[in-house]
Amino acid sequence: MTVSPAAAATMARRPRQLVVALLAVTMALVVTFGTVLVVHVYVTPIPRTRALVNINGEANLPAWWNSALLMTIGFLALVARALETEKAGRRAWLTVAVAGLALSLDEIAGLHERLGAQMRAMGIEVPTFAWLVPGVIIAAGLFTVLVVVGRALPERARRWLFVALVCYLGGALGVEAINGTLRHADRLLYYWIGTTVEETIEMVACVIAIGAIARVIADRLQLFGSPNPASAIRAD
């Protein structure tokens with residue numbers, strides 16, 4: 001089967017359309033939370049509404065959306081793995097899939113926050129969130145594995161996935177460490193601003209990763225629809 005130029009152009013646009021749609025929903029959630037927080041603090045208390053859209057909350061809309069983005073990364077990586085012909089590439093995509101699904105589980109279950117309780121039980125006190133102590137070690141291991149294994153991925157996808165990984169870990173660890181310090185110092189206004197920035201960075205990083213993987217899938221589907229897909233894949 002040969003993909004027509006019009007069909008190929010449509011398929012190439014779809015990853016961009018997906019990214020735009022996901023960013024639109026993400027920004028809508030961020031703006032909604034900011035608006036509700038201002039109303040709650042300065043106009044009239046609306047605790048239930050604030051809890052529903054709290055961007056740093058659990059079991060609410062932003063938590064579901066963040067988890068859904070991470071889960072999408074995992075499932076798209078599995079699709080990319082199924083379309084991959086090289087053994088090293090298949091292993092790399094599987095690693096990305098496991099990382100995305102594991103982070104989605106953490107987002108749902110709040111596993112990293114449970115680590116904080118363990119640190120405090122061990123007598124470890126830090127001027128920020130205690131879970132960051134083991135979190136940095138875990139993140140360093142994850143970063144190393146993904147960078148090493150990710151060398152087998154297509155160059156463009158590898159570059160954008162690296163950007164997404166740096167942004168995600170930078171938000172989850174760097175910005176979160178600052179937020180923890182602000183919260184311990186009772187600088188609640190700055191804490192909420194920092195929390196919004198952190199969660200926004202994480203979700204945007206997920207969208208970047210989704211776009212990168214979706215583009216690889218679209219390219220692969222076009223290649224498999226070309227008259228000589230094997231040579232096209234080797235050229236990639």
# chains A, B, ... in the order shown; residues from 1 in each chain; ligands from 1
$ residues_around --residues "Trp131 of chain A" --least-positions-apart "3" --cutoff "8 Å" --atoms "only C-alpha atoms" --output "JSON list (two decimals) with C-alpha atoms, in the first residue's frame"
[["chain", "number", "residue", "atom", "x", "y", "z"],
["A", 112, "HIS", "CA", 6.78, 9.66, 46.52],
["A", 113, "GLU", "CA", 4.92, 11.42, 49.32],
["A", 114, "ARG", "CA", 4.90, 8.19, 51.32],
["A", 115, "LEU", "CA", 8.69, 8.26, 51.14],
["A", 116, "GLY", "CA", 8.59, 11.54, 53.06],
["A", 117, "ALA", "CA", 6.92, 9.84, 56.00],
["A", 119, "MET", "CA", 12.36, 9.79, 55.99],
["A", 134, "PRO", "CA", 15.39, 9.52, 48.19],
["A", 135, "GLY", "CA", 13.64, 11.19, 45.26]]
$ select_by_dssp --residues "segment 29-202 of chain A" --states "alpha helix (DSSP H)" --output "PyMOL selection string"
chain A and resi 29-42+47-53+61-83+87-109+111-121+132-149+155-169+176-184+188-202
$ atom_distance --atom1 "atom CA of Cys167 of chain A" --atom2 "atom CA of Ala205 of chain A"
5.7 Å
$ closest_atom_pairs --of "segment 37-116 of chain A" --to "segment 149-153 of chain A" --cutoff "9 Å" --atoms "only C-alpha atoms" --output "JSON lines"
{"residue": "A:Glu86", "atom": "CA", "partner": "A:Ala152", "partner_atom": "CA", "distance": 8.7}
{"residue": "A:Ala88", "atom": "CA", "partner": "A:Ala152", "partner_atom": "CA", "distance": 5.8}
{"residue": "A:Gly89", "atom": "CA", "partner": "A:Ala152", "partner_atom": "CA", "distance": 5.0}
{"residue": "A:Arg90", "atom": "CA", "partner": "A:Ala152", "partner_atom": "CA", "distance": 8.6}
{"residue": "A:Arg91", "atom": "CA", "partner": "A:Val149", "partner_atom": "CA", "distance": 7.6}
{"residue": "A:Ala92", "atom": "CA", "partner": "A:Val149", "partner_atom": "CA", "distance": 5.3}
{"residue": "A:Trp93", "atom": "CA", "partner": "A:Leu153", "partner_atom": "CA", "distance": 7.6}
{"residue": "A:Thr95", "atom": "CA", "partner": "A:Val149", "partner_atom": "CA", "distance": 7.6}
{"residue": "A:Val96", "atom": "CA", "partner": "A:Gly150", "partner_atom": "CA", "distance": 8.2}
$ residues_around --residues "Leu18 of chain A" --least-positions-apart "4" --cutoff "12 Å" --atoms "only C-alpha atoms" --output "PyMOL selection string"
chain A and resi 11-14+22-25+69+72+207-215+218
$ closest_residue --among "A:Ala102, A:Ile137, A:Ala172, A:Val204" --to "Gly74 of chain A" --atoms "only C-alpha atoms"
A:Ala102
$ residues_around --residues "Leu101 of chain A" --least-positions-apart "6" --cutoff "9 Å" --atoms "only C-alpha atoms" --output "PyMOL selection string"
chain A and resi 67+70-75
$ decode --residues "segment 84-96 of chain A" --atoms "all heavy atoms" --output "compact mmCIF listing (two decimals), in the first residue's frame"
# COMPACT_ATOMS: atom_id res chain seq x y z
N GLU A 84 8.93 -0.61 15.79
CA GLU A 84 10.39 -0.55 15.71
C GLU A 84 10.96 -1.88 15.21
O GLU A 84 10.47 -2.95 15.59
CB GLU A 84 10.98 -0.22 17.09
CG GLU A 84 12.49 -0.14 17.15
CD GLU A 84 13.04 0.93 16.23
OE1 GLU A 84 12.68 2.11 16.42
OE2 GLU A 84 13.82 0.57 15.34
N THR A 85 11.96 -1.81 14.36
CA THR A 85 12.56 -3.03 13.79
C THR A 85 13.88 -3.40 14.45
O THR A 85 14.28 -4.56 14.40
CB THR A 85 12.79 -2.85 12.28
OG1 THR A 85 13.64 -1.72 12.05
CG2 THR A 85 11.46 -2.63 11.54
N GLU A 86 14.56 -2.44 15.06
CA GLU A 86 15.84 -2.70 15.69
C GLU A 86 15.66 -3.14 17.13
O GLU A 86 14.83 -2.59 17.87
CB GLU A 86 16.73 -1.45 15.63
CG GLU A 86 17.02 -0.95 14.23
CD GLU A 86 17.89 -1.92 13.44
OE1 GLU A 86 18.64 -2.69 14.09
OE2 GLU A 86 17.81 -1.93 12.21
N LYS A 87 16.45 -4.13 17.55
CA LYS A 87 16.33 -4.66 18.90
C LYS A 87 16.63 -3.60 19.96
O LYS A 87 15.92 -3.48 20.96
CB LYS A 87 17.28 -5.85 19.08
CG LYS A 87 17.17 -6.52 20.43
CD LYS A 87 18.09 -7.74 20.53
CE LYS A 87 17.96 -8.40 21.89
NZ LYS A 87 18.86 -9.62 21.98
N ALA A 88 17.69 -2.81 19.74
CA ALA A 88 18.04 -1.77 20.71
C ALA A 88 16.95 -0.71 20.79
O ALA A 88 16.65 -0.20 21.87
CB ALA A 88 19.38 -1.13 20.32
N GLY A 89 16.36 -0.39 19.65
CA GLY A 89 15.27 0.58 19.65
C GLY A 89 14.05 0.07 20.38
O GLY A 89 13.40 0.81 21.11
N ARG A 90 13.74 -1.20 20.21
CA ARG A 90 12.60 -1.79 20.91
C ARG A 90 12.83 -1.77 22.42
O ARG A 90 11.91 -1.50 23.19
CB ARG A 90 12.38 -3.22 20.42
CG ARG A 90 11.85 -3.31 18.99
CD ARG A 90 11.85 -4.75 18.49
NE ARG A 90 10.95 -5.59 19.29
CZ ARG A 90 9.65 -5.69 19.09
NH1 ARG A 90 9.07 -4.99 18.12
NH2 ARG A 90 8.91 -6.48 19.83
N ARG A 91 14.07 -2.05 22.82
CA ARG A 91 14.39 -2.01 24.25
C ARG A 91 14.27 -0.59 24.79
O ARG A 91 13.78 -0.38 25.91
CB ARG A 91 15.80 -2.55 24.47
CG ARG A 91 16.21 -2.62 25.94
CD ARG A 91 17.49 -3.42 26.12
NE ARG A 91 18.58 -2.88 25.34
CZ ARG A 91 19.15 -3.52 24.33
NH1 ARG A 91 18.71 -4.72 23.96
NH2 ARG A 91 20.15 -2.98 23.65
N ALA A 92 14.69 0.38 24.00
CA ALA A 92 14.61 1.78 24.44
C ALA A 92 13.16 2.22 24.60
O ALA A 92 12.80 2.86 25.59
CB ALA A 92 15.34 2.68 23.44
N TRP A 93 12.32 1.87 23.63
CA TRP A 93 10.91 2.26 23.72
C TRP A 93 10.23 1.57 24.90
O TRP A 93 9.37 2.17 25.56
CB TRP A 93 10.18 1.92 22.43
CG TRP A 93 10.46 2.85 21.30
CD1 TRP A 93 10.96 2.55 20.07
CD2 TRP A 93 10.24 4.26 21.29
NE1 TRP A 93 11.07 3.67 19.30
CE2 TRP A 93 10.64 4.74 20.02
CE3 TRP A 93 9.76 5.17 22.22
CZ2 TRP A 93 10.56 6.09 19.66
CZ3 TRP A 93 9.68 6.52 21.88
CH2 TRP A 93 10.08 6.96 20.62
N LEU A 94 10.60 0.33 25.18
CA LEU A 94 10.03 -0.37 26.33
C LEU A 94 10.42 0.34 27.63
O LEU A 94 9.60 0.47 28.55
CB LEU A 94 10.51 -1.82 26.36
CG LEU A 94 9.99 -2.67 27.52
CD1 LEU A 94 8.46 -2.73 27.50
CD2 LEU A 94 10.58 -4.07 27.47
N THR A 95 11.65 0.82 27.69
CA THR A 95 12.11 1.54 28.88
C THR A 95 11.32 2.83 29.06
O THR A 95 10.91 3.17 30.18
CB THR A 95 13.61 1.87 28.77
OG1 THR A 95 14.35 0.65 28.57
CG2 THR A 95 14.12 2.56 30.02
N VAL A 96 11.10 3.55 27.97
CA VAL A 96 10.29 4.77 28.03
C VAL A 96 8.87 4.45 28.49
O VAL A 96 8.28 5.16 29.32
CB VAL A 96 10.26 5.48 26.66
CG1 VAL A 96 9.30 6.67 26.68
CG2 VAL A 96 11.66 5.95 26.27
